[in-house]
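Enquirer: Take a look at structure.tsv, TSV, N, CA and C atoms:
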```tsv
chain	number	residue	atom	x	y	z
N	1	MET	N	1.51	-1.29	21.56
N	1	MET	CA	0.43	-1.48	20.62
N	1	MET	C	-0.86	-1.71	21.40
N	2	SER	N	-1.89	-0.98	21.05
N	2	SER	CA	-3.16	-1.12	21.74
N	2	SER	C	-3.88	-2.37	21.26
N	3	VAL	N	-4.94	-2.72	21.96
N	3	VAL	CA	-5.75	-3.88	21.57
N	3	VAL	C	-6.32	-3.67	20.18
N	4	ILE	N	-6.76	-2.45	19.89
N	4	ILE	CA	-7.33	-2.13	18.57
N	4	ILE	C	-6.25	-2.29	17.50
N	5	ASP	N	-5.04	-1.76	17.76
N	5	ASP	CA	-3.96	-1.86	16.79
N	5	ASP	C	-3.58	-3.32	16.53
N	6	SER	N	-3.50	-4.13	17.59
N	6	SER	CA	-3.14	-5.54	17.39
N	6	SER	C	-4.24	-6.29	16.64
N	7	SER	N	-5.49	-5.91	16.87
N	7	SER	CA	-6.60	-6.52	16.14
N	7	SER	C	-6.52	-6.17	14.66
N	8	ARG	N	-6.21	-4.92	14.35
N	8	ARG	CA	-6.06	-4.50	12.95
N	8	ARG	C	-4.91	-5.23	12.29
N	9	ALA	N	-3.80	-5.36	13.01
N	9	ALA	CA	-2.63	-6.06	12.47
N	9	ALA	C	-2.98	-7.50	12.14
N	10	ARG	N	-3.76	-8.15	13.00
N	10	ARG	CA	-4.18	-9.53	12.75
N	10	ARG	C	-5.05	-9.61	11.50
N	11	HIS	N	-5.97	-8.65	11.36
N	11	HIS	CA	-6.86	-8.64	10.20
N	11	HIS	C	-6.06	-8.45	8.91
N	12	VAL	N	-5.09	-7.57	8.93
N	12	VAL	CA	-4.25	-7.35	7.75
N	12	VAL	C	-3.43	-8.61	7.47
N	13	ALA	N	-2.89	-9.21	8.51
N	13	ALA	CA	-2.10	-10.44	8.33
N	13	ALA	C	-2.92	-11.55	7.68
N	14	ASP	N	-4.21	-11.58	7.93
N	14	ASP	CA	-5.10	-12.58	7.34
N	14	ASP	C	-5.19	-12.46	5.82
N	15	LEU	N	-4.81	-11.31	5.27
N	15	LEU	CA	-4.87	-11.08	3.83
N	15	LEU	C	-3.64	-11.65	3.10
N	16	PHE	N	-2.65	-12.10	3.87
N	16	PHE	CA	-1.40	-12.57	3.29
N	16	PHE	C	-1.21	-14.07	3.49
N	17	SER	N	-0.50	-14.67	2.56
N	17	SER	CA	-0.09	-16.07	2.67
N	17	SER	C	1.36	-16.14	2.22
N	18	HIS	N	2.22	-16.59	3.08
N	18	HIS	CA	3.66	-16.69	2.78
N	18	HIS	C	4.24	-15.36	2.32
N	19	GLY	N	3.80	-14.27	2.96
N	19	GLY	CA	4.32	-12.95	2.65
N	19	GLY	C	3.74	-12.29	1.42
N	20	ARG	N	2.80	-12.94	0.77
N	20	ARG	CA	2.19	-12.38	-0.43
N	20	ARG	C	0.73	-12.08	-0.19
N	21	LEU	N	0.26	-10.98	-0.73
N	21	LEU	CA	-1.14	-10.60	-0.64
N	21	LEU	C	-1.96	-11.55	-1.49
N	22	VAL	N	-2.95	-12.19	-0.87
N	22	VAL	CA	-3.77	-13.17	-1.58
N	22	VAL	C	-4.69	-12.47	-2.57
N	23	ALA	N	-5.34	-11.39	-2.16
N	23	ALA	CA	-6.24	-10.63	-3.03
N	23	ALA	C	-6.41	-9.23	-2.47
N	24	ILE	N	-6.69	-8.30	-3.34
N	24	ILE	CA	-6.99	-6.92	-2.91
N	24	ILE	C	-8.44	-6.92	-2.45
N	25	PRO	N	-8.69	-6.56	-1.19
N	25	PRO	CA	-10.07	-6.61	-0.67
N	25	PRO	C	-11.01	-5.70	-1.44
N	26	ARG	N	-12.22	-6.18	-1.63
N	26	ARG	CA	-13.26	-5.38	-2.29
N	26	ARG	C	-13.94	-4.42	-1.32
N	27	LYS	N	-14.10	-4.87	-0.08
N	27	LYS	CA	-14.75	-4.02	0.92
N	27	LYS	C	-13.83	-2.85	1.27
N	28	ALA	N	-14.40	-1.65	1.23
N	28	ALA	CA	-13.61	-0.43	1.41
N	28	ALA	C	-12.86	-0.39	2.74
N	29	ALA	N	-13.51	-0.76	3.83
N	29	ALA	CA	-12.86	-0.69	5.15
N	29	ALA	C	-11.67	-1.64	5.21
N	30	ARG	N	-11.84	-2.82	4.67
N	30	ARG	CA	-10.76	-3.82	4.69
N	30	ARG	C	-9.61	-3.38	3.78
N	31	ARG	N	-9.95	-2.81	2.62
N	31	ARG	CA	-8.94	-2.31	1.69
N	31	ARG	C	-8.18	-1.15	2.32
N	32	GLU	N	-8.89	-0.29	3.05
N	32	GLU	CA	-8.24	0.84	3.73
N	32	GLU	C	-7.21	0.36	4.75
N	33	GLN	N	-7.55	-0.68	5.49
N	33	GLN	CA	-6.60	-1.26	6.45
N	33	GLN	C	-5.35	-1.75	5.72
N	34	LEU	N	-5.56	-2.46	4.63
N	34	LEU	CA	-4.44	-2.97	3.86
N	34	LEU	C	-3.58	-1.83	3.32
N	35	LEU	N	-4.21	-0.83	2.73
N	35	LEU	CA	-3.47	0.27	2.12
N	35	LEU	C	-2.66	1.04	3.16
N	36	ASN	N	-3.24	1.26	4.33
N	36	ASN	CA	-2.49	1.92	5.40
N	36	ASN	C	-1.27	1.10	5.78
N	37	HIS	N	-1.46	-0.20	5.89
N	37	HIS	CA	-0.35	-1.10	6.22
N	37	HIS	C	0.74	-1.03	5.15
N	38	LEU	N	0.35	-1.10	3.89
N	38	LEU	CA	1.34	-1.05	2.81
N	38	LEU	C	2.08	0.28	2.78
N	39	ALA	N	1.36	1.37	2.95
N	39	ALA	CA	2.00	2.69	2.93
N	39	ALA	C	3.03	2.80	4.05
N	40	GLN	N	2.67	2.32	5.23
N	40	GLN	CA	3.56	2.45	6.39
N	40	GLN	C	4.75	1.49	6.32
N	41	THR	N	4.56	0.32	5.73
N	41	THR	CA	5.65	-0.66	5.75
N	41	THR	C	6.53	-0.63	4.51
N	42	LEU	N	6.01	-0.16	3.38
N	42	LEU	CA	6.80	-0.19	2.15
N	42	LEU	C	7.42	1.15	1.77
N	43	PHE	N	6.91	2.25	2.32
N	43	PHE	CA	7.37	3.56	1.90
N	43	PHE	C	7.78	4.43	3.08
N	44	GLU	N	8.94	5.06	2.94
N	44	GLU	CA	9.46	5.94	3.98
N	44	GLU	C	8.85	7.33	3.85
N	45	ARG	N	8.68	7.96	5.00
N	45	ARG	CA	8.23	9.36	4.99
N	45	ARG	C	9.34	10.23	4.41
N	46	ASP	N	8.96	11.32	3.81
N	46	ASP	CA	9.89	12.33	3.30
N	46	ASP	C	10.83	11.82	2.21
N	47	ARG	N	10.53	10.70	1.62
N	47	ARG	CA	11.33	10.20	0.50
N	47	ARG	C	10.49	10.26	-0.76
N	48	VAL	N	11.11	10.69	-1.84
N	48	VAL	CA	10.44	10.75	-3.13
N	48	VAL	C	10.79	9.48	-3.90
N	49	TYR	N	9.79	8.85	-4.49
N	49	TYR	CA	9.94	7.61	-5.24
N	49	TYR	C	9.58	7.83	-6.70
N	50	THR	N	10.25	7.11	-7.57
N	50	THR	CA	9.83	7.08	-8.98
N	50	THR	C	8.70	6.05	-9.09
N	51	GLU	N	7.99	6.08	-10.20
N	51	GLU	CA	6.94	5.09	-10.41
N	51	GLU	C	7.53	3.67	-10.41
N	52	ARG	N	8.69	3.53	-10.99
N	52	ARG	CA	9.35	2.22	-11.03
N	52	ARG	C	9.64	1.72	-9.60
N	53	GLU	N	10.12	2.59	-8.73
N	53	GLU	CA	10.41	2.20	-7.34
N	53	GLU	C	9.13	1.81	-6.59
N	54	VAL	N	8.05	2.55	-6.83
N	54	VAL	CA	6.77	2.22	-6.20
N	54	VAL	C	6.31	0.85	-6.68
N	55	ASN	N	6.39	0.63	-7.99
N	55	ASN	CA	5.98	-0.67	-8.55
N	55	ASN	C	6.82	-1.81	-7.99
N	56	GLU	N	8.12	-1.62	-7.89
N	56	GLU	CA	9.00	-2.67	-7.36
N	56	GLU	C	8.63	-3.00	-5.91
N	57	ALA	N	8.37	-1.98	-5.12
N	57	ALA	CA	7.99	-2.21	-3.71
N	57	ALA	C	6.67	-2.96	-3.63
N	58	LEU	N	5.70	-2.56	-4.43
N	58	LEU	CA	4.38	-3.20	-4.40
N	58	LEU	C	4.43	-4.63	-4.94
N	59	ARG	N	5.29	-4.88	-5.91
N	59	ARG	CA	5.41	-6.24	-6.46
N	59	ARG	C	5.96	-7.23	-5.44
N	60	THR	N	6.57	-6.73	-4.38
N	60	THR	CA	7.07	-7.65	-3.34
N	60	THR	C	5.91	-8.32	-2.62
N	61	VAL	N	4.70	-7.73	-2.72
N	61	VAL	CA	3.54	-8.32	-2.05
N	61	VAL	C	2.45	-8.79	-3.01
N	62	HIS	N	2.38	-8.22	-4.23
N	62	HIS	CA	1.30	-8.59	-5.15
N	62	HIS	C	1.69	-8.19	-6.57
N	63	GLU	N	1.31	-9.01	-7.55
N	63	GLU	CA	1.65	-8.75	-8.94
N	63	GLU	C	0.95	-7.53	-9.54
N	64	ASP	N	-0.26	-7.23	-9.08
N	64	ASP	CA	-1.01	-6.10	-9.66
N	64	ASP	C	-0.59	-4.79	-8.98
N	65	CYS	N	0.64	-4.40	-9.26
N	65	CYS	CA	1.18	-3.20	-8.61
N	65	CYS	C	0.45	-1.93	-9.08
N	66	SER	N	-0.03	-1.91	-10.32
N	66	SER	CA	-0.72	-0.71	-10.81
N	66	SER	C	-2.03	-0.48	-10.06
N	67	ALA	N	-2.76	-1.55	-9.75
N	67	ALA	CA	-4.01	-1.40	-8.99
N	67	ALA	C	-3.70	-0.92	-7.58
N	68	LEU	N	-2.70	-1.52	-6.95
N	68	LEU	CA	-2.35	-1.09	-5.59
N	68	LEU	C	-1.87	0.35	-5.58
N	69	ARG	N	-1.05	0.73	-6.56
N	69	ARG	CA	-0.55	2.10	-6.65
N	69	ARG	C	-1.71	3.08	-6.80
N	70	ARG	N	-2.64	2.75	-7.68
N	70	ARG	CA	-3.82	3.60	-7.90
N	70	ARG	C	-4.65	3.72	-6.63
N	71	HIS	N	-4.88	2.61	-5.94
N	71	HIS	CA	-5.63	2.64	-4.68
N	71	HIS	C	-4.93	3.51	-3.64
N	72	LEU	N	-3.61	3.41	-3.55
N	72	LEU	CA	-2.86	4.22	-2.58
N	72	LEU	C	-2.98	5.72	-2.89
N	73	VAL	N	-2.96	6.07	-4.16
N	73	VAL	CA	-3.10	7.49	-4.55
N	73	VAL	C	-4.51	7.98	-4.28
N	74	VAL	N	-5.51	7.21	-4.69
N	74	VAL	CA	-6.91	7.61	-4.48
N	74	VAL	C	-7.22	7.73	-2.99
N	75	ALA	N	-6.63	6.86	-2.18
N	75	ALA	CA	-6.86	6.90	-0.72
N	75	ALA	C	-6.11	8.05	-0.06
N	76	GLY	N	-5.26	8.74	-0.81
N	76	GLY	CA	-4.52	9.87	-0.25
N	76	GLY	C	-3.32	9.44	0.58
N	77	LEU	N	-2.85	8.22	0.39
N	77	LEU	CA	-1.70	7.73	1.15
N	77	LEU	C	-0.39	7.95	0.42
N	78	LEU	N	-0.45	8.01	-0.91
N	78	LEU	CA	0.69	8.40	-1.73
N	78	LEU	C	0.24	9.60	-2.56
N	79	ALA	N	1.10	10.60	-2.62
N	79	ALA	CA	0.80	11.78	-3.44
N	79	ALA	C	1.65	11.72	-4.70
N	80	ARG	N	1.08	12.23	-5.80
N	80	ARG	CA	1.82	12.31	-7.05
N	80	ARG	C	1.30	13.49	-7.86
N	81	PRO	N	2.17	14.08	-8.66
N	81	PRO	CA	1.67	15.12	-9.57
N	81	PRO	C	0.91	14.47	-10.72
N	82	LYS	N	0.20	15.27	-11.48
N	82	LYS	CA	-0.61	14.72	-12.58
N	82	LYS	C	0.22	13.95	-13.60
N	83	ASP	N	1.48	14.33	-13.78
N	83	ASP	CA	2.30	13.62	-14.76
N	83	ASP	C	2.85	12.29	-14.24
N	84	GLY	N	2.62	11.98	-12.96
N	84	GLY	CA	3.04	10.71	-12.39
N	84	GLY	C	4.54	10.55	-12.28
N	85	SER	N	5.27	11.67	-12.29
N	85	SER	CA	6.73	11.60	-12.33
N	85	SER	C	7.37	11.21	-10.99
N	86	ARG	N	6.63	11.38	-9.92
N	86	ARG	CA	7.18	11.05	-8.60
N	86	ARG	C	6.05	10.77	-7.62
N	87	TYR	N	6.38	10.04	-6.59
N	87	TYR	CA	5.40	9.65	-5.55
N	87	TYR	C	6.03	9.90	-4.20
N	88	GLN	N	5.17	10.22	-3.22
N	88	GLN	CA	5.65	10.44	-1.86
N	88	GLN	C	4.57	10.03	-0.88
N	89	ARG	N	4.99	9.33	0.18
N	89	ARG	CA	4.05	8.94	1.23
N	89	ARG	C	3.52	10.18	1.93
N	90	VAL	N	2.23	10.24	2.12
N	90	VAL	CA	1.60	11.42	2.69
N	90	VAL	C	1.67	11.42	4.21
N	91	SER	N	1.40	10.30	4.85
N	91	SER	CA	1.42	10.30	6.31
N	91	SER	C	2.27	9.19	6.85
```
Show how you would write the structure in this file as structure tokens.
Expert:
Amino acid sequence: MSVIDSSRARHVADLFSHGRLVAIPRKAARREQLLNHLAQTLFERDRVYTEREVNEALRTVHEDCSALRRHLVVAGLLARPKDGSRYQRVS
């Protein structure tokens, strides 16, 4: 892990208390760090998820799973068809 990566990990860790996300950051750069972390730690590559599975994974860190899910899709970290029938990690 590079110095930059460890610094980012520390910043993301600052958003959590006892394993739970304290708040969804308002600042775009900080939110982007969080969303990248969530996508990489909660979702496997090449696996298709139902909306229920995405919600369950996101609820492990924060109650507002719909906001986090929406942010992940808008950020291009989770892909979904227009009908919302399935989700997949993009990177």
Enquirer: Within 6.5 Å of range 45-48 of chain N, counting only N, CA and C atoms, which residues show up once you throw out same-chain ones fewer than 5 positions away? Write them as JSON, numbers by chain, please.
Expert: {"N": [86, 87, 88, 89, 91]}
Enquirer: Just asking: which residues within chain N are helix (DSSP H, G or I) according to DSSP, as a compact mmCIF listing (two decimals) with N, CA and C atoms, keeping the file's coordinate frame?
Expert:
```
# COMPACT_ATOMS: atom_id res chain seq x y z
N VAL N 3 -4.94 -2.72 21.96
CA VAL N 3 -5.75 -3.88 21.57
C VAL N 3 -6.32 -3.67 20.18
N ILE N 4 -6.76 -2.45 19.89
CA ILE N 4 -7.33 -2.13 18.57
C ILE N 4 -6.25 -2.29 17.50
N ASP N 5 -5.04 -1.76 17.76
CA ASP N 5 -3.96 -1.86 16.79
C ASP N 5 -3.58 -3.32 16.53
N SER N 6 -3.50 -4.13 17.59
CA SER N 6 -3.14 -5.54 17.39
C SER N 6 -4.24 -6.29 16.64
N SER N 7 -5.49 -5.91 16.87
CA SER N 7 -6.60 -6.52 16.14
C SER N 7 -6.52 -6.17 14.66
N ARG N 8 -6.21 -4.92 14.35
CA ARG N 8 -6.06 -4.50 12.95
C ARG N 8 -4.91 -5.23 12.29
N ALA N 9 -3.80 -5.36 13.01
CA ALA N 9 -2.63 -6.06 12.47
C ALA N 9 -2.98 -7.50 12.14
N ARG N 10 -3.76 -8.15 13.00
CA ARG N 10 -4.18 -9.53 12.75
C ARG N 10 -5.05 -9.61 11.50
N HIS N 11 -5.97 -8.65 11.36
CA HIS N 11 -6.86 -8.64 10.20
C HIS N 11 -6.06 -8.45 8.91
N VAL N 12 -5.09 -7.57 8.93
CA VAL N 12 -4.25 -7.35 7.75
C VAL N 12 -3.43 -8.61 7.47
N ALA N 13 -2.89 -9.21 8.51
CA ALA N 13 -2.10 -10.44 8.33
C ALA N 13 -2.92 -11.55 7.68
N ALA N 28 -14.40 -1.65 1.23
CA ALA N 28 -13.61 -0.43 1.41
C ALA N 28 -12.86 -0.39 2.74
N ALA N 29 -13.51 -0.76 3.83
CA ALA N 29 -12.86 -0.69 5.15
C ALA N 29 -11.67 -1.64 5.21
N ARG N 30 -11.84 -2.82 4.67
CA ARG N 30 -10.76 -3.82 4.69
C ARG N 30 -9.61 -3.38 3.78
N ARG N 31 -9.95 -2.81 2.62
CA ARG N 31 -8.94 -2.31 1.69
C ARG N 31 -8.18 -1.15 2.32
N GLU N 32 -8.89 -0.29 3.05
CA GLU N 32 -8.24 0.84 3.73
C GLU N 32 -7.21 0.36 4.75
N GLN N 33 -7.55 -0.68 5.49
CA GLN N 33 -6.60 -1.26 6.45
C GLN N 33 -5.35 -1.75 5.72
N LEU N 34 -5.56 -2.46 4.63
CA LEU N 34 -4.44 -2.97 3.86
C LEU N 34 -3.58 -1.83 3.32
N LEU N 35 -4.21 -0.83 2.73
CA LEU N 35 -3.47 0.27 2.12
C LEU N 35 -2.66 1.04 3.16
N ASN N 36 -3.24 1.26 4.33
CA ASN N 36 -2.49 1.92 5.40
C ASN N 36 -1.27 1.10 5.78
N HIS N 37 -1.46 -0.20 5.89
CA HIS N 37 -0.35 -1.10 6.22
C HIS N 37 0.74 -1.03 5.15
N LEU N 38 0.35 -1.10 3.89
CA LEU N 38 1.34 -1.05 2.81
C LEU N 38 2.08 0.28 2.78
N ALA N 39 1.36 1.37 2.95
CA ALA N 39 2.00 2.69 2.93
C ALA N 39 3.03 2.80 4.05
N GLN N 40 2.67 2.32 5.23
CA GLN N 40 3.56 2.45 6.39
C GLN N 40 4.75 1.49 6.32
N THR N 41 4.56 0.32 5.73
CA THR N 41 5.65 -0.66 5.75
C THR N 41 6.53 -0.63 4.51
N LEU N 42 6.01 -0.16 3.38
CA LEU N 42 6.80 -0.19 2.15
C LEU N 42 7.42 1.15 1.77
N GLU N 51 7.99 6.08 -10.20
CA GLU N 51 6.94 5.09 -10.41
C GLU N 51 7.53 3.67 -10.41
N ARG N 52 8.69 3.53 -10.99
CA ARG N 52 9.35 2.22 -11.03
C ARG N 52 9.64 1.72 -9.60
N GLU N 53 10.12 2.59 -8.73
CA GLU N 53 10.41 2.20 -7.34
C GLU N 53 9.13 1.81 -6.59
N VAL N 54 8.05 2.55 -6.83
CA VAL N 54 6.77 2.22 -6.20
C VAL N 54 6.31 0.85 -6.68
N ASN N 55 6.39 0.63 -7.99
CA ASN N 55 5.98 -0.67 -8.55
C ASN N 55 6.82 -1.81 -7.99
N GLU N 56 8.12 -1.62 -7.89
CA GLU N 56 9.00 -2.67 -7.36
C GLU N 56 8.63 -3.00 -5.91
N ALA N 57 8.37 -1.98 -5.12
CA ALA N 57 7.99 -2.21 -3.71
C ALA N 57 6.67 -2.96 -3.63
N LEU N 58 5.70 -2.56 -4.43
CA LEU N 58 4.38 -3.20 -4.40
C LEU N 58 4.43 -4.63 -4.94
N ARG N 59 5.29 -4.88 -5.91
CA ARG N 59 5.41 -6.24 -6.46
C ARG N 59 5.96 -7.23 -5.44
N CYS N 65 0.64 -4.40 -9.26
CA CYS N 65 1.18 -3.20 -8.61
C CYS N 65 0.45 -1.93 -9.08
N SER N 66 -0.03 -1.91 -10.32
CA SER N 66 -0.72 -0.71 -10.81
C SER N 66 -2.03 -0.48 -10.06
N ALA N 67 -2.76 -1.55 -9.75
CA ALA N 67 -4.01 -1.40 -8.99
C ALA N 67 -3.70 -0.92 -7.58
N LEU N 68 -2.70 -1.52 -6.95
CA LEU N 68 -2.35 -1.09 -5.59
C LEU N 68 -1.87 0.35 -5.58
N ARG N 69 -1.05 0.73 -6.56
CA ARG N 69 -0.55 2.10 -6.65
C ARG N 69 -1.71 3.08 -6.80
N ARG N 70 -2.64 2.75 -7.68
CA ARG N 70 -3.82 3.60 -7.90
C ARG N 70 -4.65 3.72 -6.63
N HIS N 71 -4.88 2.61 -5.94
CA HIS N 71 -5.63 2.64 -4.68
C HIS N 71 -4.93 3.51 -3.64
N LEU N 72 -3.61 3.41 -3.55
CA LEU N 72 -2.86 4.22 -2.58
C LEU N 72 -2.98 5.72 -2.89
N VAL N 73 -2.96 6.07 -4.16
CA VAL N 73 -3.10 7.49 -4.55
C VAL N 73 -4.51 7.98 -4.28
N VAL N 74 -5.51 7.21 -4.69
CA VAL N 74 -6.91 7.61 -4.48
C VAL N 74 -7.22 7.73 -2.99
```
Enquirer: Quick one: pull the distance between atom C of Tyr49 in chain N and CA of Gly19 in chain N, Å, one decimal.
Expert: 23.4 Å
Enquirer: In Å, rounded to a single decimal, give me how far atom N of Lys82 in chain N is from atom N of Thr60 in chain N.
Expert: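 Atom N of Lys82 in chain N lies at a distance of 24.0 Å from atom N of Thr60 in chain N.
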Enquirer: So which residues touch range 21-38 of chain N within 7 Å, counting only N, CA and C atoms, skipping near sequence neighbours fewer than 3 positions away, as a ChimeraX atom specification?
Expert: /N:12,15-18,41-43,60-62,71-72
Enquirer: N:Ser85, N:Val90, N:Glu63, N:Ala79: which is nearest Arg20 in chain N, counting only N, CA and C atoms?
Expert: N:Glu63
Enquirer: How many Å lie between CA of Ala57 in chain N and atom N of Arg70 in chain N, rounded to one decimal?
Expert: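 A separation of 12.4 Å between them.
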Enquirer: Nearest to Glu53 in chain N: which of N:Cys65, N:His11, N:Pro81, N:Gly76 is it, counting only C-alpha atoms?
Expert: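 Among N:Cys65, N:His11, N:Pro81, N:Gly76, it is N:Cys65 that comes nearest to Glu53 in chain N.
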Enquirer: Would you give me, as JSON, numbers by chain, the residues in chain N that DSSP reads as strand (DSSP E or B)?
Expert: {"N": [16, 17, 20, 21, 48, 49, 78, 79, 87, 88, 89]}
Enquirer: Since the input is missing atoms for range 29-43 of chain N, could you rebuild it with N, CA, C and O atoms and give the result as a tab-separated table (two decimals), in the coordinates of the input?
Expert:
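Once written, result-v5.tsv looks like this:
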```tsv
chain	number	residue	atom	x	y	z
N	29	ALA	N	-13.51	-0.76	3.83
N	29	ALA	CA	-12.86	-0.69	5.15
N	29	ALA	C	-11.67	-1.64	5.21
N	29	ALA	O	-10.61	-1.30	5.74
N	30	ARG	N	-11.84	-2.82	4.67
N	30	ARG	CA	-10.76	-3.82	4.69
N	30	ARG	C	-9.61	-3.38	3.78
N	30	ARG	O	-8.44	-3.52	4.10
N	31	ARG	N	-9.95	-2.81	2.62
N	31	ARG	CA	-8.94	-2.31	1.69
N	31	ARG	C	-8.18	-1.15	2.32
N	31	ARG	O	-6.96	-1.04	2.19
N	32	GLU	N	-8.89	-0.29	3.05
N	32	GLU	CA	-8.24	0.84	3.73
N	32	GLU	C	-7.21	0.36	4.75
N	32	GLU	O	-6.11	0.90	4.84
N	33	GLN	N	-7.55	-0.68	5.49
N	33	GLN	CA	-6.60	-1.26	6.45
N	33	GLN	C	-5.35	-1.75	5.72
N	33	GLN	O	-4.23	-1.50	6.15
N	34	LEU	N	-5.56	-2.46	4.63
N	34	LEU	CA	-4.44	-2.97	3.86
N	34	LEU	C	-3.58	-1.83	3.32
N	34	LEU	O	-2.36	-1.86	3.43
N	35	LEU	N	-4.21	-0.83	2.73
N	35	LEU	CA	-3.47	0.27	2.12
N	35	LEU	C	-2.66	1.04	3.16
N	35	LEU	O	-1.51	1.42	2.90
N	36	ASN	N	-3.24	1.26	4.33
N	36	ASN	CA	-2.49	1.92	5.40
N	36	ASN	C	-1.27	1.10	5.78
N	36	ASN	O	-0.18	1.63	5.97
N	37	HIS	N	-1.46	-0.20	5.89
N	37	HIS	CA	-0.35	-1.10	6.22
N	37	HIS	C	0.74	-1.03	5.15
N	37	HIS	O	1.93	-0.90	5.48
N	38	LEU	N	0.35	-1.10	3.89
N	38	LEU	CA	1.34	-1.05	2.81
N	38	LEU	C	2.08	0.28	2.78
N	38	LEU	O	3.31	0.31	2.62
N	39	ALA	N	1.36	1.37	2.95
N	39	ALA	CA	2.00	2.69	2.93
N	39	ALA	C	3.03	2.80	4.05
N	39	ALA	O	4.14	3.30	3.84
N	40	GLN	N	2.67	2.32	5.23
N	40	GLN	CA	3.56	2.45	6.39
N	40	GLN	C	4.75	1.49	6.32
N	40	GLN	O	5.82	1.82	6.83
N	41	THR	N	4.56	0.32	5.73
N	41	THR	CA	5.65	-0.66	5.75
N	41	THR	C	6.53	-0.63	4.51
N	41	THR	O	7.70	-1.00	4.58
N	42	LEU	N	6.01	-0.16	3.38
N	42	LEU	CA	6.80	-0.19	2.15
N	42	LEU	C	7.42	1.15	1.77
N	42	LEU	O	8.36	1.18	0.97
N	43	PHE	N	6.91	2.25	2.32
N	43	PHE	CA	7.37	3.56	1.90
N	43	PHE	C	7.78	4.43	3.08
N	43	PHE	O	7.07	4.52	4.06
```
